[in-house]
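To start, the structure itself, in structure tokens.
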Amino acid sequence: MIKRALISVYDKTGLEPFARGLDAHGVELVASGGTAAFLEELGLKVSHVEALTESPEMLGGRVKTLHPRIHAGILARRDNEEDLATLAEHGIEPFDLVCVNLYPFTDVAAAFGTTEEEAVEMIDVGGPSMLRGAAKNFAHVVPVSRTDQYGFVLDELATTGAISFETRRQLAAEAFATTAAYEAAIAGWFNGREGFPELLTLSFEKVTDLAYGENPHQQAAYYREAGARRHLLSNITQLHGRPLSLINTYDLDRAELLLREFELPACVIVKHANPCGVAVAGSAEEAWLKALASDPVSAFGMVCAFNRPVSAALGHALSERFIDVLYAPGYDDEALDALKAKPDTRILIDHERRRYDPGEKDYKRVVGGLLVQDRDWDLEDRELMEVACGVVEESAWGDLLFAWRVCKHVTSNSIVIAKDLATIGVGAGQMSRVDAVRIALEKAIELGHDLRGSVLASDAFFPFPDGPQLALDMGVTAIIQPGGSKRDGEVAAAVEAAGAAMVVTGRRHFRH
């Protein structure tokens, strides 16, 4: 039975119906500072924490609930005679429900212009202590840590007159998760100046359940990193279609990251985490046609992303294809009408163009651990690259840099063949580099692309001249690659003998 509740919340969202609901069940309300004032304005009878502790708030509010009369009332075990005797000796009444939400540290700390002093003042001390105490004593106390818990707590109270052991246990788990995430965000903020701290504390908040995982029999959800100013689905609205699956979401991430590489109108088509068609052009419509032409067979069931709004004409063209996920910063009304004719197409609108966050880390899960690295954000400067052999015409530089940027986002070993700022052949995820070259060439030939005058990008050096030779024999006239092989001289000799050119970047772009 809930006879007495302690309430201390920063966020007052939903508090009025929750407090009124408790009051209607005859629950005595005890509250601190601003929470007590808020409830009194609603006309509810409230006992002040200061009256219980017989001590005023101190240090500008830093000390108000850190008192034995509060924590003993939370932690006392009702089936322990010694605990009950101690409460009676000191005239302390126990709490049956503790409702606390914490200072918004992550929101304040992540805001532009926040000073260190302002962020530190948002570190809650008393709130986490009360929540942990209530969660530890869940056998006797109901810990409420989030506003979205108010409704079902009141519903269960109205239905049964009490809160079940199972519900209290689940609420305890959520309370400890809340305080752990809070502490992790604070630790992460303090460690922000150190790239790889000795103790890495991460916390993630669920954004949404996903339709399914990599396969339909696997459940899945999408989480955002606590405190992150932006995440994959922030400021994105789904306008139409089925819920996103795990693969949809992952492929969307790959498409969105590649799209960031370009300022000109661009189209990126992704299948199974690899781009199968990429192009930049004078318009989104032209970029779409060039990207689709790269590999229309692989594009079936694609994730398709644009960095320009979808016009009516483009919308009609897209509606003729099987698209799993469509992503763009806007849609013409006529385009939406045409696209919505396909009931399953997931149509997403991005309300905010994303930028690179140089401090963002890349995480890869392994058995029992986590691999952490810096994101591969680097946009190489042409001026820092070396022309190893031949002459690179100005017109070829555009294709070379385009192919190099796309190559960064293809699973290693990766080869990208491009022409006229569009991919025409992609070899991805191969164990040998020569096989990646062969696949990229076969793709281009199979789809009728003219390889004469095309360029080739490799995410890592060529260990032998065999891969480049295959491409040179088919008409590739320029190659861009990191260099660094013991046989760089042999590779350069093969390129030079074919009358082609080669650019060495000095930096590789493995992606596994």
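Chain lettering (A, B, ...) mirrors the order of the structure tokens, residue numbering begins at 1 for each chain separately, and ligand numbering begins at 1 in order of display.
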Practice task
From a DSSP calculation on the backbone, collect every residue of region 27-128 of chain A in alpha helix (DSSP H) and output the set as number ranges by chain.
Solution key: A: 33-41, 49-53, 68-75, 81-90, 105-110, 116-121, 126-128
Produce a file of the selected residues containing N, CA and C atoms, as a short mmCIF file (atom, residue, chain, number, x, y, z; two decimals), in the first residue's frame.
data_model
loop_
_atom_site.label_atom_id
_atom_site.label_comp_id
_atom_site.auth_asym_id
_atom_site.auth_seq_id
_atom_site.Cartn_x
_atom_site.Cartn_y
_atom_site.Cartn_z
N GLY A 33 11.50 22.06 -2.05
CA GLY A 33 11.67 23.32 -2.76
C GLY A 33 10.64 23.66 -3.81
N GLY A 34 11.11 23.75 -5.07
CA GLY A 34 10.26 24.15 -6.19
C GLY A 34 9.12 23.18 -6.45
N THR A 35 9.34 21.88 -6.18
CA THR A 35 8.28 20.91 -6.39
C THR A 35 7.14 21.15 -5.42
N ALA A 36 7.47 21.44 -4.17
CA ALA A 36 6.44 21.73 -3.16
C ALA A 36 5.64 22.97 -3.56
N ALA A 37 6.33 24.00 -4.01
CA ALA A 37 5.65 25.23 -4.42
C ALA A 37 4.73 24.96 -5.60
N PHE A 38 5.17 24.15 -6.55
CA PHE A 38 4.36 23.82 -7.72
C PHE A 38 3.08 23.10 -7.31
N LEU A 39 3.21 22.13 -6.40
CA LEU A 39 2.03 21.37 -5.97
C LEU A 39 1.07 22.22 -5.16
N GLU A 40 1.61 23.12 -4.36
CA GLU A 40 0.74 24.01 -3.58
C GLU A 40 -0.03 24.95 -4.49
N GLU A 41 0.57 25.38 -5.59
CA GLU A 41 -0.14 26.23 -6.55
C GLU A 41 -1.31 25.49 -7.18
N VAL A 49 9.89 19.22 2.79
CA VAL A 49 11.05 18.48 3.27
C VAL A 49 11.72 19.22 4.43
N GLU A 50 11.77 20.55 4.36
CA GLU A 50 12.43 21.34 5.41
C GLU A 50 11.76 21.14 6.77
N ALA A 51 10.43 20.95 6.75
CA ALA A 51 9.71 20.74 8.00
C ALA A 51 10.06 19.38 8.60
N LEU A 52 10.31 18.38 7.74
CA LEU A 52 10.66 17.05 8.24
C LEU A 52 12.08 17.03 8.80
N THR A 53 12.98 17.67 8.07
CA THR A 53 14.39 17.62 8.49
C THR A 53 14.70 18.65 9.56
N PRO A 68 19.38 12.33 7.26
CA PRO A 68 18.97 11.01 7.75
C PRO A 68 17.45 10.82 7.81
N ARG A 69 16.69 11.87 8.09
CA ARG A 69 15.24 11.71 8.20
C ARG A 69 14.61 11.43 6.82
N ILE A 70 15.31 11.82 5.77
CA ILE A 70 14.84 11.51 4.41
C ILE A 70 15.30 10.11 4.00
N HIS A 71 16.59 9.87 4.13
CA HIS A 71 17.13 8.60 3.63
C HIS A 71 16.76 7.41 4.51
N ALA A 72 16.60 7.63 5.80
CA ALA A 72 16.12 6.54 6.66
C ALA A 72 14.69 6.18 6.29
N GLY A 73 13.87 7.20 5.96
CA GLY A 73 12.49 6.94 5.55
C GLY A 73 12.41 6.18 4.24
N ILE A 74 13.42 6.33 3.40
CA ILE A 74 13.45 5.61 2.12
C ILE A 74 14.00 4.20 2.29
N LEU A 75 15.07 4.05 3.08
CA LEU A 75 15.80 2.78 3.13
C LEU A 75 15.31 1.80 4.18
N GLU A 81 12.59 -5.68 12.24
CA GLU A 81 12.16 -5.06 13.50
C GLU A 81 13.14 -4.00 13.97
N GLU A 82 14.43 -4.21 13.76
CA GLU A 82 15.41 -3.23 14.18
C GLU A 82 15.26 -1.92 13.40
N ASP A 83 15.00 -2.03 12.09
CA ASP A 83 14.79 -0.82 11.27
C ASP A 83 13.56 -0.07 11.76
N LEU A 84 12.48 -0.79 12.03
CA LEU A 84 11.24 -0.14 12.46
C LEU A 84 11.42 0.51 13.83
N ALA A 85 12.20 -0.16 14.68
CA ALA A 85 12.45 0.40 16.01
C ALA A 85 13.26 1.69 15.91
N THR A 86 14.21 1.72 14.98
CA THR A 86 15.02 2.93 14.77
C THR A 86 14.14 4.08 14.27
N LEU A 87 13.25 3.79 13.35
CA LEU A 87 12.34 4.83 12.87
C LEU A 87 11.49 5.38 14.01
N ALA A 88 10.97 4.47 14.84
CA ALA A 88 10.12 4.90 15.96
C ALA A 88 10.91 5.72 16.97
N GLU A 89 12.14 5.31 17.24
CA GLU A 89 12.97 6.02 18.21
C GLU A 89 13.21 7.47 17.80
N HIS A 90 13.38 7.69 16.46
CA HIS A 90 13.69 9.03 15.97
C HIS A 90 12.49 9.76 15.39
N PHE A 105 21.45 17.64 -16.88
CA PHE A 105 22.88 17.89 -17.12
C PHE A 105 23.23 17.80 -18.60
N THR A 106 22.78 16.73 -19.28
CA THR A 106 23.19 16.53 -20.67
C THR A 106 22.70 17.65 -21.57
N ASP A 107 21.47 18.11 -21.36
CA ASP A 107 20.93 19.19 -22.19
C ASP A 107 21.72 20.47 -22.00
N VAL A 108 22.03 20.80 -20.75
CA VAL A 108 22.75 22.04 -20.47
C VAL A 108 24.19 21.93 -20.94
N ALA A 109 24.85 20.82 -20.63
CA ALA A 109 26.27 20.68 -20.98
C ALA A 109 26.48 20.66 -22.49
N ALA A 110 25.49 20.14 -23.23
CA ALA A 110 25.64 20.05 -24.68
C ALA A 110 25.26 21.34 -25.40
N GLU A 116 31.81 25.93 -18.01
CA GLU A 116 32.05 24.79 -17.12
C GLU A 116 31.31 24.96 -15.80
N GLU A 117 31.27 26.16 -15.27
CA GLU A 117 30.56 26.41 -14.01
C GLU A 117 29.07 26.11 -14.14
N GLU A 118 28.47 26.52 -15.26
CA GLU A 118 27.04 26.26 -15.48
C GLU A 118 26.78 24.77 -15.59
N ALA A 119 27.65 24.04 -16.28
CA ALA A 119 27.47 22.60 -16.42
C ALA A 119 27.58 21.90 -15.06
N VAL A 120 28.57 22.28 -14.27
CA VAL A 120 28.78 21.65 -12.96
C VAL A 120 27.57 21.86 -12.06
N GLU A 121 26.93 23.03 -12.14
CA GLU A 121 25.76 23.28 -11.30
C GLU A 121 24.58 22.39 -11.66
N GLY A 126 21.60 15.04 -4.69
CA GLY A 126 20.55 14.47 -3.86
C GLY A 126 19.59 13.58 -4.62
N GLY A 127 19.24 13.96 -5.85
CA GLY A 127 18.29 13.17 -6.64
C GLY A 127 18.74 11.75 -6.88
N PRO A 128 19.96 11.54 -7.43
CA PRO A 128 20.42 10.16 -7.63
C PRO A 128 20.50 9.37 -6.33
#
Exercise for the section: Mind checking which residues fall within 10 Å of Met502 (chain A), counting only C-alpha atoms, ignoring those fewer than 6 positions away in the same chain, and posting them as a ChimeraX atom specification? Expected result: /A:386-392,400,455-457,477-481,483,491-492,495-496
What would the file look like if the residues just selected were written as a PDB file, in the first residue's frame with C-alpha atoms?
ATOM      1  CA  GLU A 386      51.377  13.411 -54.884  1.00  0.00           C
ATOM      2  CA  VAL A 387      51.174  12.643 -58.576  1.00  0.00           C
ATOM      3  CA  ALA A 388      53.362   9.526 -58.703  1.00  0.00           C
ATOM      4  CA  CYS A 389      53.394   9.201 -62.478  1.00  0.00           C
ATOM      5  CA  GLY A 390      51.766  10.593 -65.593  1.00  0.00           C
ATOM      6  CA  VAL A 391      49.870  13.837 -65.976  1.00  0.00           C
ATOM      7  CA  VAL A 392      46.499  14.328 -64.295  1.00  0.00           C
ATOM      8  CA  LEU A 400      39.556  11.066 -58.819  1.00  0.00           C
ATOM      9  CA  VAL A 455      39.261   6.497 -62.980  1.00  0.00           C
ATOM     10  CA  LEU A 456      39.819   3.976 -60.197  1.00  0.00           C
ATOM     11  CA  ALA A 457      40.124   4.477 -56.430  1.00  0.00           C
ATOM     12  CA  THR A 477      43.269   6.264 -67.386  1.00  0.00           C
ATOM     13  CA  ALA A 478      43.915   7.420 -63.803  1.00  0.00           C
ATOM     14  CA  ILE A 479      44.262   5.715 -60.430  1.00  0.00           C
ATOM     15  CA  ILE A 480      44.153   7.116 -56.894  1.00  0.00           C
ATOM     16  CA  GLN A 481      45.442   5.055 -53.978  1.00  0.00           C
ATOM     17  CA  GLY A 483      50.642   4.026 -51.699  1.00  0.00           C
ATOM     18  CA  VAL A 491      52.763  -0.442 -59.767  1.00  0.00           C
ATOM     19  CA  ALA A 492      53.830   3.015 -60.963  1.00  0.00           C
ATOM     20  CA  VAL A 495      50.606   2.675 -64.880  1.00  0.00           C
ATOM     21  CA  GLU A 496      53.201   4.722 -66.706  1.00  0.00           C
TER      22      GLU A 496
END
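Residue nearest Leu384 (chain A), chosen from A:Ile247, A:Ile424, A:Val142, A:Val503 and counting only C-alpha atoms: A:Val503.
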Handout entry: Top pick for closest residue to Glu352 (chain A), considering A:Gly151, A:Pro329, A:Gly91, A:Gly489 and counting only C-alpha atoms
Key = A:Pro329
Problem - For Leu154 (chain A): contacts at 10 Å, only C-alpha atoms, fewer than 5 positions along chain excluded, given as a count of residues only - result: 11
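In terms of minimum interatomic distance to Phe402 (chain A), A:Ala266 ranks closest within A:Leu472, A:Ala266, A:Leu348, A:Leu289, counting only C-alpha atoms.
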Exercise for the section: Would you mind writing down, as an NGL selection string, each residue of region 170-347 of chain A that DSSP on the backbone assigns to strand (DSSP E or B)? Expected result: :A and (204-210 or 220-225 or 236-240 or 266-271 or 274-280 or 302-306 or 310 or 323-328 or 331 or 346-347)
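You can rank A:Leu102, A:Ala279, A:Leu257, A:Leu199 by their closest distance to Trp377 (chain A) using only C-alpha atoms, and at the top of that list sits A:Leu257.
The coordinates place CA of Trp189 (chain A) at 14.6 Å from CA of Gly113 (chain A).
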Report as a PDB file with C-alpha atoms, in the first residue's frame all protein, DNA and RNA residues lying within 10 Å of Arg168 (chain A), evaluated on only C-alpha atoms, omitting residues in the same chain fewer than 5 positions from it.
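Final file, out-v2.pdb:
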ATOM      1  CA  LEU A  97       6.952   5.914  -3.135  1.00  0.00           C
ATOM      2  CA  ALA A 134      14.386   3.713  -3.292  1.00  0.00           C
ATOM      3  CA  ALA A 135      15.551   1.259  -5.943  1.00  0.00           C
ATOM      4  CA  ASN A 137      14.638  -0.925  -1.156  1.00  0.00           C
ATOM      5  CA  PHE A 138      12.217  -1.768  -3.992  1.00  0.00           C
ATOM      6  CA  ALA A 139      10.708  -4.581  -1.907  1.00  0.00           C
ATOM      7  CA  HIS A 140       9.036  -1.856   0.146  1.00  0.00           C
ATOM      8  CA  VAL A 141       9.319   1.346  -1.922  1.00  0.00           C
ATOM      9  CA  VAL A 142       8.122   2.291  -5.422  1.00  0.00           C
ATOM     10  CA  PRO A 143      10.938   4.148  -7.293  1.00  0.00           C
ATOM     11  CA  VAL A 144       9.580   6.413 -10.062  1.00  0.00           C
ATOM     12  CA  VAL A 153       1.807   3.467 -11.838  1.00  0.00           C
ATOM     13  CA  ILE A 163       1.979  -1.702  -6.751  1.00  0.00           C
ATOM     14  CA  ALA A 173      15.935  -1.603 -12.746  1.00  0.00           C
ATOM     15  CA  GLU A 174      14.889   1.499 -14.667  1.00  0.00           C
TER      16      GLU A 174
END
Can you tell me, as a compact mmCIF listing (two decimals) with N, CA and C atoms, in the first residue's frame, what residues are no more than 12 Å from region 217-220 of chain A when counting only C-alpha atoms, ignoring any on the same chain fewer than 2 positions away?
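Final file, selection.txt:
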# COMPACT_ATOMS: atom_id res chain seq x y z
N LYS A 206 16.90 4.71 -25.38
CA LYS A 206 16.12 4.15 -26.49
C LYS A 206 15.31 5.24 -27.17
N VAL A 207 15.43 5.28 -28.49
CA VAL A 207 14.66 6.23 -29.29
C VAL A 207 13.40 5.56 -29.81
N THR A 208 13.54 4.34 -30.32
CA THR A 208 12.38 3.65 -30.87
C THR A 208 12.66 2.16 -31.01
N ASP A 209 11.61 1.37 -30.95
CA ASP A 209 11.71 -0.03 -31.34
C ASP A 209 11.76 -0.10 -32.85
N LEU A 210 12.46 -1.08 -33.38
CA LEU A 210 12.54 -1.29 -34.82
C LEU A 210 11.64 -2.46 -35.21
N ALA A 211 11.25 -2.49 -36.47
CA ALA A 211 10.33 -3.54 -36.92
C ALA A 211 10.89 -4.93 -36.66
N TYR A 212 12.19 -5.09 -36.91
CA TYR A 212 12.88 -6.34 -36.62
C TYR A 212 14.37 -6.10 -36.79
N GLY A 213 15.18 -7.13 -36.49
CA GLY A 213 16.62 -7.00 -36.57
C GLY A 213 17.15 -7.33 -37.95
N GLU A 214 18.34 -7.92 -38.02
CA GLU A 214 18.88 -8.29 -39.33
C GLU A 214 17.99 -9.30 -40.02
N ASN A 215 17.29 -10.10 -39.23
CA ASN A 215 16.33 -11.07 -39.74
C ASN A 215 15.02 -10.91 -38.99
N TYR A 222 16.51 1.00 -31.63
CA TYR A 222 17.51 2.01 -31.93
C TYR A 222 17.72 2.87 -30.69
N TYR A 223 18.98 3.06 -30.29
CA TYR A 223 19.35 3.87 -29.13
C TYR A 223 20.23 5.03 -29.58
N PRO A 243 7.39 0.74 -40.49
CA PRO A 243 8.44 1.10 -39.54
C PRO A 243 9.81 0.66 -40.05
N LEU A 244 10.84 1.39 -39.65
CA LEU A 244 12.21 1.05 -40.03
C LEU A 244 12.64 -0.26 -39.38
N SER A 245 13.41 -1.04 -40.11
CA SER A 245 14.04 -2.23 -39.54
C SER A 245 15.49 -1.89 -39.19
N LEU A 246 16.20 -2.83 -38.59
CA LEU A 246 17.60 -2.61 -38.24
C LEU A 246 18.44 -2.37 -39.49
N ILE A 247 18.23 -3.18 -40.53
CA ILE A 247 19.02 -3.02 -41.75
C ILE A 247 18.71 -1.69 -42.42
N ASN A 248 17.42 -1.31 -42.45
CA ASN A 248 17.06 0.01 -43.00
C ASN A 248 17.85 1.11 -42.30
N THR A 249 17.88 1.03 -40.97
CA THR A 249 18.51 2.09 -40.18
C THR A 249 20.01 2.11 -40.40
N TYR A 250 20.62 0.94 -40.46
CA TYR A 250 22.06 0.87 -40.67
C TYR A 250 22.42 1.38 -42.07
Exercise for the section: Excluding Arg346 (chain A) and any residue of its chain fewer than 3 positions from it, enumerate the residues within 12 Å of it, using only C-alpha atoms, and give them as a PyMOL selection string. Expected result: chain A and resi 237-245+248-249+252+301-305+319+322-328+336+339-343+349
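Here CA of Ala335 (chain A) is placed at a distance of 12.4 Å from CA of Glu285 (chain A).
Between CA of Pro265 (chain A) and CA of Ile236 (chain A) the interatomic distance comes to 19.6 Å.
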